[in-house]
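Q: Take a look at start.cif, mmCIF, C-alpha atoms:
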```cif
data_final
#
loop_
_atom_site.group_PDB
_atom_site.id
_atom_site.type_symbol
_atom_site.label_atom_id
_atom_site.label_comp_id
_atom_site.auth_asym_id
_atom_site.auth_seq_id
_atom_site.Cartn_x
_atom_site.Cartn_y
_atom_site.Cartn_z
ATOM 1 C CA MET A 332 0.000 0.000 0.000
ATOM 2 C CA ASN A 333 2.824 2.244 0.971
ATOM 3 C CA LYS A 334 4.746 1.421 -2.248
ATOM 4 C CA ILE A 335 1.736 2.194 -4.442
ATOM 5 C CA THR A 336 1.342 5.557 -2.786
ATOM 6 C CA GLN A 337 4.991 6.432 -3.387
ATOM 7 C CA LYS A 338 4.552 5.537 -7.068
ATOM 8 C CA HIS A 339 1.470 7.702 -7.359
ATOM 9 C CA ILE A 340 3.191 10.612 -5.694
ATOM 10 C CA SER A 341 6.092 10.365 -8.106
ATOM 11 C CA LYS A 342 3.791 10.248 -11.170
ATOM 12 C CA ASN A 343 1.639 13.117 -9.920
ATOM 13 C CA LYS A 344 4.689 15.252 -9.227
ATOM 14 C CA LYS A 345 5.972 14.757 -12.777
ATOM 15 C CA GLY A 346 2.543 15.632 -14.230
ATOM 16 C CA GLY A 347 2.256 18.693 -12.048
ATOM 17 C CA GLU A 348 5.737 19.901 -13.077
ATOM 18 C CA LYS A 349 4.853 19.487 -16.763
ATOM 19 C CA ILE A 350 1.704 21.543 -16.349
ATOM 20 C CA LEU A 351 3.646 24.155 -14.397
ATOM 21 C CA SER A 352 6.302 24.343 -17.141
ATOM 22 C CA VAL A 353 3.628 25.078 -19.740
ATOM 23 C CA TYR A 354 2.078 27.572 -17.371
ATOM 24 C CA TRP A 355 5.448 29.287 -16.863
ATOM 25 C CA PHE A 356 5.997 29.548 -20.608
ATOM 26 C CA VAL A 357 2.554 31.130 -21.023
ATOM 27 C CA ILE A 358 3.298 33.657 -18.275
ATOM 28 C CA LEU A 359 6.715 34.324 -19.800
ATOM 29 C CA PHE A 360 5.153 35.079 -23.187
ATOM 30 C CA ILE A 361 2.474 37.311 -21.646
ATOM 31 C CA VAL A 362 5.091 39.315 -19.722
ATOM 32 C CA ALA A 363 7.380 39.525 -22.779
ATOM 33 C CA ALA A 364 4.491 40.673 -24.990
ATOM 34 C CA ALA A 365 3.537 43.337 -22.455
ATOM 35 C CA ILE A 366 7.118 44.617 -22.271
ATOM 36 C CA VAL A 367 7.325 44.725 -26.082
ATOM 37 C CA TYR A 368 4.017 46.605 -26.257
ATOM 38 C CA MET A 369 5.066 49.135 -23.597
ATOM 39 C CA THR A 370 8.437 49.720 -25.259
ATOM 40 C CA ALA A 371 6.777 50.120 -28.658
ATOM 41 C CA SER A 372 4.191 52.535 -27.294
ATOM 42 C CA PHE A 373 6.957 54.668 -25.766
ATOM 43 C CA TYR A 374 9.570 54.591 -28.510
ATOM 44 C CA GLY A 375 7.177 54.081 -31.412
ATOM 45 C CA LYS A 376 5.755 57.605 -31.174
ATOM 46 C CA PRO A 377 8.019 60.406 -32.314
ATOM 47 C CA TYR A 378 8.950 63.431 -30.245
ATOM 48 C CA ASP A 379 7.017 66.488 -31.390
ATOM 49 C CA VAL A 380 9.660 69.201 -31.576
ATOM 50 C CA ARG A 381 7.623 71.630 -33.670
ATOM 51 C CA GLN A 382 6.854 73.941 -30.766
ATOM 52 C CA VAL A 383 10.559 74.414 -30.139
ATOM 53 C CA GLU A 384 11.143 74.833 -33.874
ATOM 54 C CA ALA A 385 8.371 77.439 -34.169
ATOM 55 C CA ASP A 386 9.735 79.270 -31.118
ATOM 56 C CA LEU A 387 13.193 79.416 -32.676
ATOM 57 C CA LEU A 388 11.771 80.624 -35.972
ATOM 58 C CA THR A 389 9.786 83.352 -34.188
ATOM 59 C CA ASN A 390 12.833 84.487 -32.219
ATOM 60 C CA LYS A 391 14.908 84.557 -35.399
ATOM 61 C CA ILE A 392 12.384 86.842 -37.105
ATOM 62 C CA ALA A 393 12.189 89.084 -34.037
ATOM 63 C CA ASP A 394 15.986 89.344 -33.913
ATOM 64 C CA CYS A 395 15.993 90.136 -37.624
ATOM 65 C CA ILE A 396 13.823 93.252 -37.347
ATOM 66 C CA SER A 397 14.927 94.634 -34.000
ATOM 67 C CA GLU A 398 18.212 95.749 -32.562
ATOM 68 C CA ALA A 399 18.846 97.171 -29.097
ATOM 69 C CA GLY A 400 15.157 97.834 -28.575
ATOM 70 C CA TYR A 401 14.623 99.688 -31.844
ATOM 71 C CA LEU A 402 13.148 98.626 -35.158
ATOM 72 C CA LYS A 403 15.893 98.272 -37.747
ATOM 73 C CA ASP A 404 15.628 100.930 -40.453
ATOM 74 C CA GLU A 405 16.073 98.409 -43.260
ATOM 75 C CA ALA A 406 13.104 96.355 -42.050
ATOM 76 C CA LEU A 407 10.667 98.807 -43.628
ATOM 77 C CA GLU A 408 12.486 99.019 -46.949
ATOM 78 C CA PRO A 409 11.099 97.203 -50.032
ATOM 79 C CA GLN A 410 14.327 95.208 -50.511
ATOM 80 C CA PHE A 411 13.758 93.591 -47.133
ATOM 81 C CA LYS A 412 10.342 92.372 -48.230
ATOM 82 C CA ASP A 413 11.686 90.989 -51.517
ATOM 83 C CA ASP A 414 13.874 88.407 -49.805
ATOM 84 C CA PHE A 415 12.420 88.224 -46.328
ATOM 85 C CA PRO A 416 13.764 84.763 -45.330
ATOM 86 C CA GLY A 417 17.145 85.441 -46.943
ATOM 87 C CA ASN A 418 17.538 88.767 -45.138
ATOM 88 C CA CYS A 419 16.729 87.099 -41.853
ATOM 89 C CA GLY A 420 19.045 84.144 -42.497
ATOM 90 C CA ILE A 421 16.168 81.690 -42.633
ATOM 91 C CA THR A 422 16.134 78.745 -45.025
ATOM 92 C CA PHE A 423 13.232 76.394 -45.553
ATOM 93 C CA ASP A 424 15.437 73.417 -46.382
ATOM 94 C CA VAL A 425 14.318 70.201 -44.739
ATOM 95 C CA GLU A 426 15.326 66.553 -44.784
ATOM 96 C CA ASP A 427 15.485 64.793 -48.152
ATOM 97 C CA SER A 428 12.812 62.356 -47.014
ATOM 98 C CA TYR A 429 10.166 65.010 -47.686
ATOM 99 C CA GLY A 430 11.079 64.906 -51.400
ATOM 100 C CA PRO A 431 9.197 67.369 -53.564
ATOM 101 C CA LYS A 432 7.190 68.509 -50.548
ATOM 102 C CA ALA A 433 10.346 69.928 -48.932
ATOM 103 C CA GLN A 434 9.385 73.526 -49.556
ATOM 104 C CA GLU A 435 5.873 73.096 -48.208
ATOM 105 C CA GLN A 436 6.723 72.518 -44.571
ATOM 106 C CA PHE A 437 6.902 76.128 -43.357
ATOM 107 C CA TYR A 438 4.992 79.373 -43.375
ATOM 108 C CA ILE A 439 6.018 82.621 -41.717
ATOM 109 C CA LYS A 440 4.242 85.952 -41.595
ATOM 110 C CA LEU A 441 5.347 89.207 -40.037
ATOM 111 C CA THR A 442 2.837 92.006 -39.509
ATOM 112 C CA LEU A 443 3.825 95.387 -38.171
ATOM 113 C CA ILE A 444 0.862 97.255 -36.695
ATOM 114 C CA ASP A 445 0.724 100.831 -35.456
ATOM 115 C CA PHE A 446 0.382 100.520 -31.667
ATOM 116 C CA SER A 447 -2.151 103.339 -31.291
ATOM 117 C CA SER A 448 -4.260 103.281 -34.455
ATOM 118 C CA LYS A 449 -3.965 99.506 -35.040
ATOM 119 C CA ASN A 450 -3.406 100.105 -38.747
ATOM 120 C CA THR A 451 -1.164 97.659 -40.555
ATOM 121 C CA VAL A 452 2.071 99.389 -41.509
ATOM 122 C CA PHE A 453 3.928 96.498 -43.058
ATOM 123 C CA GLU A 454 3.217 92.889 -43.858
ATOM 124 C CA VAL A 455 5.375 90.168 -45.322
ATOM 125 C CA GLU A 456 4.844 86.436 -45.657
ATOM 126 C CA GLU A 457 6.734 83.477 -47.043
ATOM 127 C CA GLY A 458 6.199 79.736 -47.404
ATOM 128 C CA ASN A 459 3.220 77.490 -47.921
ATOM 129 C CA VAL A 460 0.163 79.729 -47.505
ATOM 130 C CA ASN A 461 -2.200 76.714 -47.453
ATOM 131 C CA LEU A 462 -0.961 75.839 -43.979
ATOM 132 C CA VAL A 463 -2.716 78.909 -42.552
ATOM 133 C CA TYR A 464 -6.147 77.315 -42.987
ATOM 134 C CA SER A 465 -5.269 74.447 -40.671
ATOM 135 C CA CYS A 466 -4.515 76.722 -37.731
ATOM 136 C CA ASN A 467 -8.108 76.945 -36.526
ATOM 137 C CA LEU A 468 -8.832 73.265 -36.989
ATOM 138 C CA LYS A 469 -8.823 70.697 -34.217
ATOM 139 C CA GLY A 470 -7.476 67.183 -34.568
ATOM 140 C CA ASN A 471 -4.372 65.078 -34.903
ATOM 141 C CA ASN A 472 -1.718 65.310 -37.588
ATOM 142 C CA LEU A 473 -2.219 69.028 -38.137
ATOM 143 C CA PRO A 474 0.504 71.627 -38.670
ATOM 144 C CA PHE A 475 1.710 73.463 -35.574
ATOM 145 C CA CYS A 476 0.857 77.177 -35.476
ATOM 146 C CA LEU A 477 2.429 79.747 -33.178
ATOM 147 C CA THR A 478 1.368 83.389 -33.066
ATOM 148 C CA ARG A 479 3.312 85.728 -30.828
ATOM 149 C CA SER A 480 3.608 89.488 -30.544
ATOM 150 C CA PHE A 481 6.061 91.989 -29.207
ATOM 151 C CA TYR A 482 6.269 95.716 -28.729
ATOM 152 C CA ILE A 483 8.820 97.723 -30.653
ATOM 153 C CA ILE A 484 9.601 101.366 -31.397
ATOM 154 C CA ASP A 485 11.594 103.040 -34.123
ATOM 155 C CA LYS A 486 14.199 105.773 -33.653
ATOM 156 C CA ASN A 487 11.448 108.427 -34.061
ATOM 157 C CA ASN A 488 9.513 106.968 -31.132
ATOM 158 C CA ASN A 489 6.802 105.506 -33.375
ATOM 159 C CA GLN A 490 5.288 102.585 -31.509
ATOM 160 C CA TYR A 491 4.477 99.291 -33.195
ATOM 161 C CA GLN A 492 3.102 95.891 -32.427
ATOM 162 C CA ALA A 493 4.927 93.141 -34.305
ATOM 163 C CA ASP A 494 2.884 89.971 -34.858
ATOM 164 C CA ILE A 495 4.741 86.874 -35.968
ATOM 165 C CA LEU A 496 2.949 83.788 -37.205
ATOM 166 C CA SER A 497 5.099 80.676 -37.596
ATOM 167 C CA ILE A 498 3.642 77.440 -38.928
ATOM 168 C CA ILE A 499 5.493 74.147 -39.124
ATOM 169 C CA ARG A 500 3.946 71.193 -40.934
ATOM 170 C CA LYS A 501 6.310 68.201 -40.653
ATOM 171 C CA THR A 502 3.455 66.019 -39.430
ATOM 172 C CA GLU A 503 5.025 62.793 -40.701
ATOM 173 C CA LYS A 504 7.980 63.058 -38.363
ATOM 174 C CA ASN A 505 6.347 64.704 -35.352
ATOM 175 C CA ALA A 506 2.694 63.784 -35.040
ATOM 176 C CA GLN A 507 2.099 60.149 -36.024
ATOM 177 C CA MET B 1419 -6.426 11.937 -0.928
ATOM 178 C CA HIS B 1420 -3.541 13.829 0.661
ATOM 179 C CA ASN B 1421 -1.834 14.266 -2.757
ATOM 180 C CA LYS B 1422 -4.994 15.644 -4.329
ATOM 181 C CA LYS B 1423 -5.250 18.219 -1.556
ATOM 182 C CA GLY B 1424 -1.657 19.276 -2.181
ATOM 183 C CA GLN B 1425 -2.282 19.654 -5.935
ATOM 184 C CA VAL B 1426 -5.475 21.629 -5.432
ATOM 185 C CA GLY B 1427 -3.690 23.993 -3.054
ATOM 186 C CA GLU B 1428 -0.866 24.567 -5.539
ATOM 187 C CA THR B 1429 -3.275 25.125 -8.445
ATOM 188 C CA VAL B 1430 -5.299 27.674 -6.482
ATOM 189 C CA THR B 1431 -2.082 29.486 -5.561
ATOM 190 C CA TRP B 1432 -1.047 29.720 -9.194
ATOM 191 C CA ILE B 1433 -4.496 30.723 -10.415
ATOM 192 C CA VAL B 1434 -4.456 33.613 -7.937
ATOM 193 C CA ALA B 1435 -0.851 34.435 -8.944
ATOM 194 C CA THR B 1436 -1.847 34.465 -12.634
ATOM 195 C CA VAL B 1437 -4.712 36.833 -11.942
ATOM 196 C CA ILE B 1438 -2.374 39.140 -9.997
ATOM 197 C CA ILE B 1439 0.297 39.036 -12.743
ATOM 198 C CA ILE B 1440 -2.264 39.833 -15.459
ATOM 199 C CA LEU B 1441 -3.754 42.624 -13.347
ATOM 200 C CA ILE B 1442 -0.325 44.216 -12.778
ATOM 201 C CA LEU B 1443 0.437 43.934 -16.501
ATOM 202 C CA ALA B 1444 -2.916 45.461 -17.423
ATOM 203 C CA VAL B 1445 -2.309 48.393 -15.081
ATOM 204 C CA THR B 1446 1.198 49.032 -16.461
ATOM 205 C CA LEU B 1447 -0.044 48.682 -20.054
ATOM 206 C CA PHE B 1448 -2.871 51.123 -19.398
ATOM 207 C CA ALA B 1449 -0.498 53.538 -17.663
ATOM 208 C CA SER B 1450 2.054 53.395 -20.480
ATOM 209 C CA GLU B 1451 -0.648 53.852 -23.114
ATOM 210 C CA PHE B 1452 -2.130 56.771 -21.185
ATOM 211 C CA ALA B 1453 1.232 58.426 -20.538
ATOM 212 C CA PHE B 1454 3.051 57.788 -23.808
ATOM 213 C CA GLY B 1455 0.339 56.741 -26.224
ATOM 214 C CA LYS B 1456 0.019 60.216 -27.643
ATOM 215 C CA SER B 1457 2.694 62.015 -29.567
ATOM 216 C CA LYS B 1458 5.436 63.116 -27.177
ATOM 217 C CA LYS B 1459 5.444 66.872 -27.154
ATOM 218 C CA LEU B 1460 8.600 68.590 -26.073
ATOM 219 C CA ASP B 1461 6.812 71.125 -23.948
ATOM 220 C CA PHE B 1462 9.167 72.636 -21.444
ATOM 221 C CA TYR B 1463 9.168 75.622 -19.174
ATOM 222 C CA LYS B 1464 11.192 78.473 -20.548
ATOM 223 C CA THR B 1465 13.505 80.530 -18.382
ATOM 224 C CA THR B 1466 13.912 83.185 -21.064
ATOM 225 C CA ASP B 1467 11.412 84.782 -23.390
ATOM 226 C CA THR B 1468 13.042 86.633 -26.260
ATOM 227 C CA LEU B 1469 9.919 88.473 -27.372
ATOM 228 C CA ALA B 1470 8.963 89.574 -23.846
ATOM 229 C CA SER B 1471 12.520 90.810 -23.281
ATOM 230 C CA LYS B 1472 12.445 92.745 -26.548
ATOM 231 C CA SER B 1473 9.122 94.302 -25.539
ATOM 232 C CA PHE B 1474 10.610 95.220 -22.163
ATOM 233 C CA PHE B 1475 13.661 96.964 -23.650
ATOM 234 C CA SER B 1476 11.545 98.837 -26.204
ATOM 235 C CA TYR B 1477 9.159 99.814 -23.404
ATOM 236 C CA LEU B 1478 12.035 101.323 -21.403
ATOM 237 C CA LEU B 1479 13.152 103.286 -24.473
ATOM 238 C CA THR B 1480 9.688 104.712 -25.242
ATOM 239 C CA LYS B 1481 9.406 108.466 -24.821
ATOM 240 C CA ASN B 1482 6.524 109.913 -22.811
ATOM 241 C CA PRO B 1483 4.636 113.021 -24.076
ATOM 242 C CA GLU B 1484 7.301 115.238 -22.422
ATOM 243 C CA GLY B 1485 10.017 113.536 -24.475
ATOM 244 C CA LYS B 1486 11.598 111.641 -21.611
ATOM 245 C CA ILE B 1487 12.187 107.929 -21.986
ATOM 246 C CA VAL B 1488 10.525 105.532 -19.524
ATOM 247 C CA TYR B 1489 13.888 104.362 -18.148
ATOM 248 C CA GLU B 1490 14.951 107.939 -17.267
ATOM 249 C CA GLN B 1491 11.634 108.700 -15.602
ATOM 250 C CA ILE B 1492 11.784 105.546 -13.454
ATOM 251 C CA LYS B 1493 15.413 106.200 -12.593
ATOM 252 C CA GLU B 1494 14.552 109.712 -11.368
ATOM 253 C CA GLN B 1495 11.301 108.993 -9.542
ATOM 254 C CA GLU B 1496 12.171 105.408 -8.560
ATOM 255 C CA ASP B 1497 8.631 104.377 -9.405
ATOM 256 C CA LEU B 1498 6.328 104.091 -12.372
ATOM 257 C CA ASN B 1499 4.127 107.061 -13.192
ATOM 258 C CA GLU B 1500 0.657 106.876 -14.728
ATOM 259 C CA PHE B 1501 1.889 106.973 -18.330
ATOM 260 C CA ASN B 1502 4.433 104.194 -17.778
ATOM 261 C CA GLU B 1503 2.017 102.055 -15.819
ATOM 262 C CA ASN B 1504 -0.687 102.266 -18.469
ATOM 263 C CA LEU B 1505 1.779 101.648 -21.284
ATOM 264 C CA GLY B 1506 3.161 98.641 -19.400
ATOM 265 C CA LYS B 1507 -0.328 97.212 -18.935
ATOM 266 C CA ASP B 1508 -1.119 97.793 -22.609
ATOM 267 C CA ILE B 1509 1.965 95.908 -23.674
ATOM 268 C CA PHE B 1510 2.536 93.101 -21.211
ATOM 269 C CA GLN B 1511 -1.030 92.190 -20.238
ATOM 270 C CA LYS B 1512 -2.192 92.294 -23.823
ATOM 271 C CA PHE B 1513 0.672 90.378 -25.402
ATOM 272 C CA TYR B 1514 1.563 87.909 -22.665
ATOM 273 C CA GLY B 1515 -1.543 87.761 -20.440
ATOM 274 C CA SER B 1516 -2.719 84.534 -22.032
ATOM 275 C CA GLU B 1517 0.687 82.838 -21.765
ATOM 276 C CA TYR B 1518 1.590 83.741 -18.185
ATOM 277 C CA ALA B 1519 -0.480 83.564 -14.999
ATOM 278 C CA GLU B 1520 1.306 86.482 -13.373
ATOM 279 C CA ILE B 1521 3.039 89.462 -14.949
ATOM 280 C CA SER B 1522 4.740 92.261 -13.083
ATOM 281 C CA VAL B 1523 6.880 95.239 -14.028
ATOM 282 C CA ARG B 1524 8.171 97.055 -10.951
ATOM 283 C CA VAL B 1525 11.125 98.648 -9.253
ATOM 284 C CA ASP B 1526 13.207 96.175 -7.279
ATOM 285 C CA ALA B 1527 14.951 97.887 -4.352
ATOM 286 C CA THR B 1528 17.018 94.849 -3.351
ATOM 287 C CA PHE B 1529 18.876 94.393 -6.603
ATOM 288 C CA GLU B 1530 22.509 93.346 -6.308
ATOM 289 C CA GLN B 1531 23.486 91.862 -9.615
ATOM 290 C CA THR B 1532 21.835 90.211 -12.563
ATOM 291 C CA MET B 1533 21.281 86.606 -11.635
ATOM 292 C CA VAL B 1534 20.479 83.809 -14.015
ATOM 293 C CA GLU B 1535 17.788 81.776 -12.329
ATOM 294 C CA PHE B 1536 16.686 78.390 -13.593
ATOM 295 C CA VAL B 1537 13.261 78.321 -12.060
ATOM 296 C CA PRO B 1538 10.756 76.429 -14.232
ATOM 297 C CA GLY B 1539 8.099 78.724 -15.627
ATOM 298 C CA LYS B 1540 9.709 81.910 -14.353
ATOM 299 C CA VAL B 1541 11.093 84.543 -16.734
ATOM 300 C CA LEU B 1542 13.020 87.430 -15.242
ATOM 301 C CA GLU B 1543 14.577 90.467 -16.891
ATOM 302 C CA THR B 1544 16.255 93.278 -14.996
ATOM 303 C CA VAL B 1545 17.782 96.624 -15.955
ATOM 304 C CA LYS B 1546 19.839 98.421 -13.337
ATOM 305 C CA LEU B 1547 18.727 101.911 -12.286
ATOM 306 C CA LYS B 1548 21.072 103.104 -9.544
ATOM 307 C CA ASP B 1549 22.474 101.813 -6.249
ATOM 308 C CA ASN B 1550 20.535 98.679 -5.344
ATOM 309 C CA LYS B 1551 17.588 99.506 -7.513
ATOM 310 C CA ALA B 1552 16.564 97.946 -10.778
ATOM 311 C CA ILE B 1553 13.502 97.822 -12.970
ATOM 312 C CA LEU B 1554 12.274 94.255 -13.051
ATOM 313 C CA MET B 1555 10.012 92.370 -15.403
ATOM 314 C CA ALA B 1556 8.797 89.055 -14.002
ATOM 315 C CA LEU B 1557 6.617 86.548 -15.831
ATOM 316 C CA PHE B 1558 5.281 83.436 -14.115
ATOM 317 C CA LYS B 1559 3.537 80.478 -15.743
#
```
Transcribe the structure of this file into structure tokens.
A:
Amino acid sequence: MNKITQKHISKNKKGGEKILSVYWFVILFIVAAAIVYMTASFYGKPYDVRQVEADLLTNKIADCISEAGYLKDEALEPQFKDDFPGNCGITFDVEDSYGPKAQEQFYIKLTLIDFSSKNTVFEVEEGNVNLVYSCNLKGNNLPFCLTRSFYIIDKNNNQYQADILSIIRKTEKNAQ
Amino acid sequence: MHNKKGQVGETVTWIVATVIIILILAVTLFASEFAFGKSKKLDFYKTTDTLASKSFFSYLLTKNPEGKIVYEQIKEQEDLNEFNENLGKDIFQKFYGSEYAEISVRVDATFEQTMVEFVPGKVLETVKLKDNKAILMALFK
């Protein structure tokens, strides 16, 4: 009787271990799958750097038209308007991966408004104008729009409000 | 009979363990999806604001109706007068009121030297007047 019991115990133990091995493999796969999913969800989404990019673009334009608190004289001249990005040292070159759409990733607009009368004194824009229409839309995969203003005076104490609109598309690399 | 009891006990233990493991995984999966599922925006607190600083310097250079610039007036009277205060409100509240929770332009009587502070969400700009006084622009997120 005692011998039979020992035999049974041995057989049962082996069966139990086999079931546990399968169970452990299942758990291992579940844990591995979860880790893969979490890693993919973290690293799979790109960093959206367009806010920083738009900020830099805005600052560059502001630096371009102002110096030591005053509006640069050349900013109001027609030549400045003719090659606005070139005069400000801005290029719209982007990665080759954008192909023929390379030039369509940016839009910048500078508006100089009289501080008292609110009349527009000067306006210049460059880039893909179609991006402007997406600024008031809500949803994913839309271009990033940044509108900021600053106060500036010229040497004759004329006061202005400078509005800068910077739009960055680049949705493929930033907003998947 | 004894063996069966042992097996049942072990099975129950592992069933409970499986439930706990799956629950922990579900929570971490949900948390990771909630935290990182969206596009990762690089949204950081600035310690400098180029446009606000430019506005501040232009503000100090603006002449009042008597032809005196704001900086000179504040340096003499060590306080803002009505013209300067209204102009300051017109500029800073209007342009930066939606971006910052608190905006102040005032005379700081405890100024020693220009300090670069790395306080998240705090933008400071100072221009020395005289002695320990400075005109200070402070923007808080």
Q: What residues come out when you apply the PyMOL selection byres ((chain B and resi 1543) around 6) to this file, written as a list of chain:residue names?
A: B:Leu1542, B:Thr1544, B:Leu1554, B:Met1555
Q: I need the contact residues of chain A against chain B, so if you could list those with any atom within 8 Å, counting all atoms listed in the file, and return them as a PDB file with C-alpha atoms, in the coordinates of the input, that would help.
A:
```
ATOM      1  CA  ILE A 340       3.191  10.612  -5.694  1.00  0.00           C
ATOM      2  CA  GLY A 347       2.256  18.693 -12.048  1.00  0.00           C
ATOM      3  CA  ILE A 358       3.298  33.657 -18.275  1.00  0.00           C
ATOM      4  CA  VAL A 362       5.091  39.315 -19.722  1.00  0.00           C
ATOM      5  CA  ALA A 365       3.537  43.337 -22.455  1.00  0.00           C
ATOM      6  CA  TYR A 368       4.017  46.605 -26.257  1.00  0.00           C
ATOM      7  CA  MET A 369       5.066  49.135 -23.597  1.00  0.00           C
ATOM      8  CA  SER A 372       4.191  52.535 -27.294  1.00  0.00           C
ATOM      9  CA  PHE A 373       6.957  54.668 -25.766  1.00  0.00           C
ATOM     10  CA  LYS A 376       5.755  57.605 -31.174  1.00  0.00           C
ATOM     11  CA  PRO A 377       8.019  60.406 -32.314  1.00  0.00           C
ATOM     12  CA  TYR A 378       8.950  63.431 -30.245  1.00  0.00           C
ATOM     13  CA  ASP A 379       7.017  66.488 -31.390  1.00  0.00           C
ATOM     14  CA  VAL A 380       9.660  69.201 -31.576  1.00  0.00           C
ATOM     15  CA  GLN A 382       6.854  73.941 -30.766  1.00  0.00           C
ATOM     16  CA  VAL A 383      10.559  74.414 -30.139  1.00  0.00           C
ATOM     17  CA  ASN A 390      12.833  84.487 -32.219  1.00  0.00           C
ATOM     18  CA  ALA A 393      12.189  89.084 -34.037  1.00  0.00           C
ATOM     19  CA  ALA A 399      18.846  97.171 -29.097  1.00  0.00           C
ATOM     20  CA  GLY A 400      15.157  97.834 -28.575  1.00  0.00           C
ATOM     21  CA  TYR A 401      14.623  99.688 -31.844  1.00  0.00           C
ATOM     22  CA  ARG A 479       3.312  85.728 -30.828  1.00  0.00           C
ATOM     23  CA  SER A 480       3.608  89.488 -30.544  1.00  0.00           C
ATOM     24  CA  PHE A 481       6.061  91.989 -29.207  1.00  0.00           C
ATOM     25  CA  TYR A 482       6.269  95.716 -28.729  1.00  0.00           C
ATOM     26  CA  ILE A 483       8.820  97.723 -30.653  1.00  0.00           C
ATOM     27  CA  ILE A 484       9.601 101.366 -31.397  1.00  0.00           C
ATOM     28  CA  ASN A 488       9.513 106.968 -31.132  1.00  0.00           C
ATOM     29  CA  GLN A 490       5.288 102.585 -31.509  1.00  0.00           C
ATOM     30  CA  ASN A 505       6.347  64.704 -35.352  1.00  0.00           C
ATOM     31  CA  ALA A 506       2.694  63.784 -35.040  1.00  0.00           C
ATOM     32  CA  GLN A 507       2.099  60.149 -36.024  1.00  0.00           C
TER      33      GLN A 507
END
```
Q: Choose the residue, out of A:Asn461, A:Ile421, A:Gly470, A:Lys486, that has the smallest atom-to-atom separation from Leu402 of chain A; count all atoms listed in the file.
A: A:Lys486
Q: Nearest to Gln1495 of chain B among B:Pro1538, B:Val1545, B:Val1525, B:Leu1557, with distances taken over all atoms listed in the file: which residue is it?
A: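 The shortest atom-to-atom distance to Gln1495 of chain B comes from B:Val1525.
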Q: Which of these, B:Asp1497, B:Ile1492, B:Lys1559, B:Asn1504, has the shortest distance to Ala1519 of chain B once you count all atoms listed in the file?
A: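 Closest candidate: B:Lys1559.
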Q: Return as a list in words the set of residues that the PyMOL selection byres ((chain A and resi 407-416) around 9) yields on the displayed structure.
A: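 For this structure, the PyMOL selection byres ((chain A and resi 407-416) around 9) resolves to Ile392, Ile396, Leu402, Lys403, Asp404, Glu405, Ala406, Gly417, Asn418, Cys419, Gly420, Ile421, Thr422, Phe423, Ile439, Val452, Phe453, Glu454, Val455, Glu456 and Glu457 of chain A.
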Q: Run the PyMOL selection byres ((chain B and resi 1528) around 12) mentally over the shown coordinates, then write out the matched residues as a VMD selection string, using the chain letters and numbers from the document.
A: chain B and resid 1524 to 1527 1529 to 1532 1544 1546 to 1554
Q: Mind pulling up the distance from atom CA of Asn471 of chain A to atom CA of Thr442 of chain A?
A: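 Pair atom CA of Thr442 of chain A / atom CA of Asn471 of chain A returns 28.3 Å.
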Q: So which one's closest to Leu496 of chain A, A:Val425, A:Val460, A:Lys449, A:Ala364? Using all atoms listed in the file, please.
A: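 Of all the options, A:Val460 lies closest to Leu496 of chain A.
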Q: What does the distance from atom CA of Ser397 of chain A to atom CA of Ala493 of chain A come to in Å, to one decimal?
A: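 Result for atom CA of Ser397 of chain A versus atom CA of Ala493 of chain A: 10.1 Å, one decimal.
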Q: Have a look at atom CA of Asp386 of chain A and atom CA of Tyr438 of chain A and let me know their distance in Å, one decimal.
A: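 Between these atoms lies a distance of 13.1 Å.
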Q: With N, CA, C and O atoms retained, output segment 1540-1546 of chain B as a PDB file, in the first residue's frame.
A:
```pdb
ATOM      1  N   LYS B1540       9.488  80.553 -14.830  1.00  0.00           N
ATOM      2  CA  LYS B1540       9.709  81.910 -14.353  1.00  0.00           C
ATOM      3  C   LYS B1540      10.681  82.629 -15.288  1.00  0.00           C
ATOM      4  O   LYS B1540      11.793  82.160 -15.521  1.00  0.00           O
ATOM      5  N   VAL B1541      10.242  83.749 -15.836  1.00  0.00           N
ATOM      6  CA  VAL B1541      11.093  84.543 -16.734  1.00  0.00           C
ATOM      7  C   VAL B1541      11.368  85.881 -16.060  1.00  0.00           C
ATOM      8  O   VAL B1541      10.443  86.586 -15.667  1.00  0.00           O
ATOM      9  N   LEU B1542      12.640  86.183 -15.904  1.00  0.00           N
ATOM     10  CA  LEU B1542      13.020  87.430 -15.242  1.00  0.00           C
ATOM     11  C   LEU B1542      13.907  88.267 -16.155  1.00  0.00           C
ATOM     12  O   LEU B1542      14.763  87.732 -16.854  1.00  0.00           O
ATOM     13  N   GLU B1543      13.704  89.566 -16.138  1.00  0.00           N
ATOM     14  CA  GLU B1543      14.577  90.467 -16.891  1.00  0.00           C
ATOM     15  C   GLU B1543      14.763  91.719 -16.036  1.00  0.00           C
ATOM     16  O   GLU B1543      13.794  92.282 -15.526  1.00  0.00           O
ATOM     17  N   THR B1544      16.006  92.104 -15.830  1.00  0.00           N
ATOM     18  CA  THR B1544      16.255  93.278 -14.996  1.00  0.00           C
ATOM     19  C   THR B1544      17.158  94.283 -15.715  1.00  0.00           C
ATOM     20  O   THR B1544      18.045  93.894 -16.473  1.00  0.00           O
ATOM     21  N   VAL B1545      16.904  95.555 -15.447  1.00  0.00           N
ATOM     22  CA  VAL B1545      17.782  96.624 -15.955  1.00  0.00           C
ATOM     23  C   VAL B1545      18.116  97.513 -14.758  1.00  0.00           C
ATOM     24  O   VAL B1545      17.217  97.995 -14.058  1.00  0.00           O
ATOM     25  N   LYS B1546      19.397  97.676 -14.522  1.00  0.00           N
ATOM     26  CA  LYS B1546      19.839  98.421 -13.337  1.00  0.00           C
ATOM     27  C   LYS B1546      19.485  99.897 -13.444  1.00  0.00           C
ATOM     28  O   LYS B1546      19.620 100.501 -14.519  1.00  0.00           O
TER      29      LYS B1546
END
```
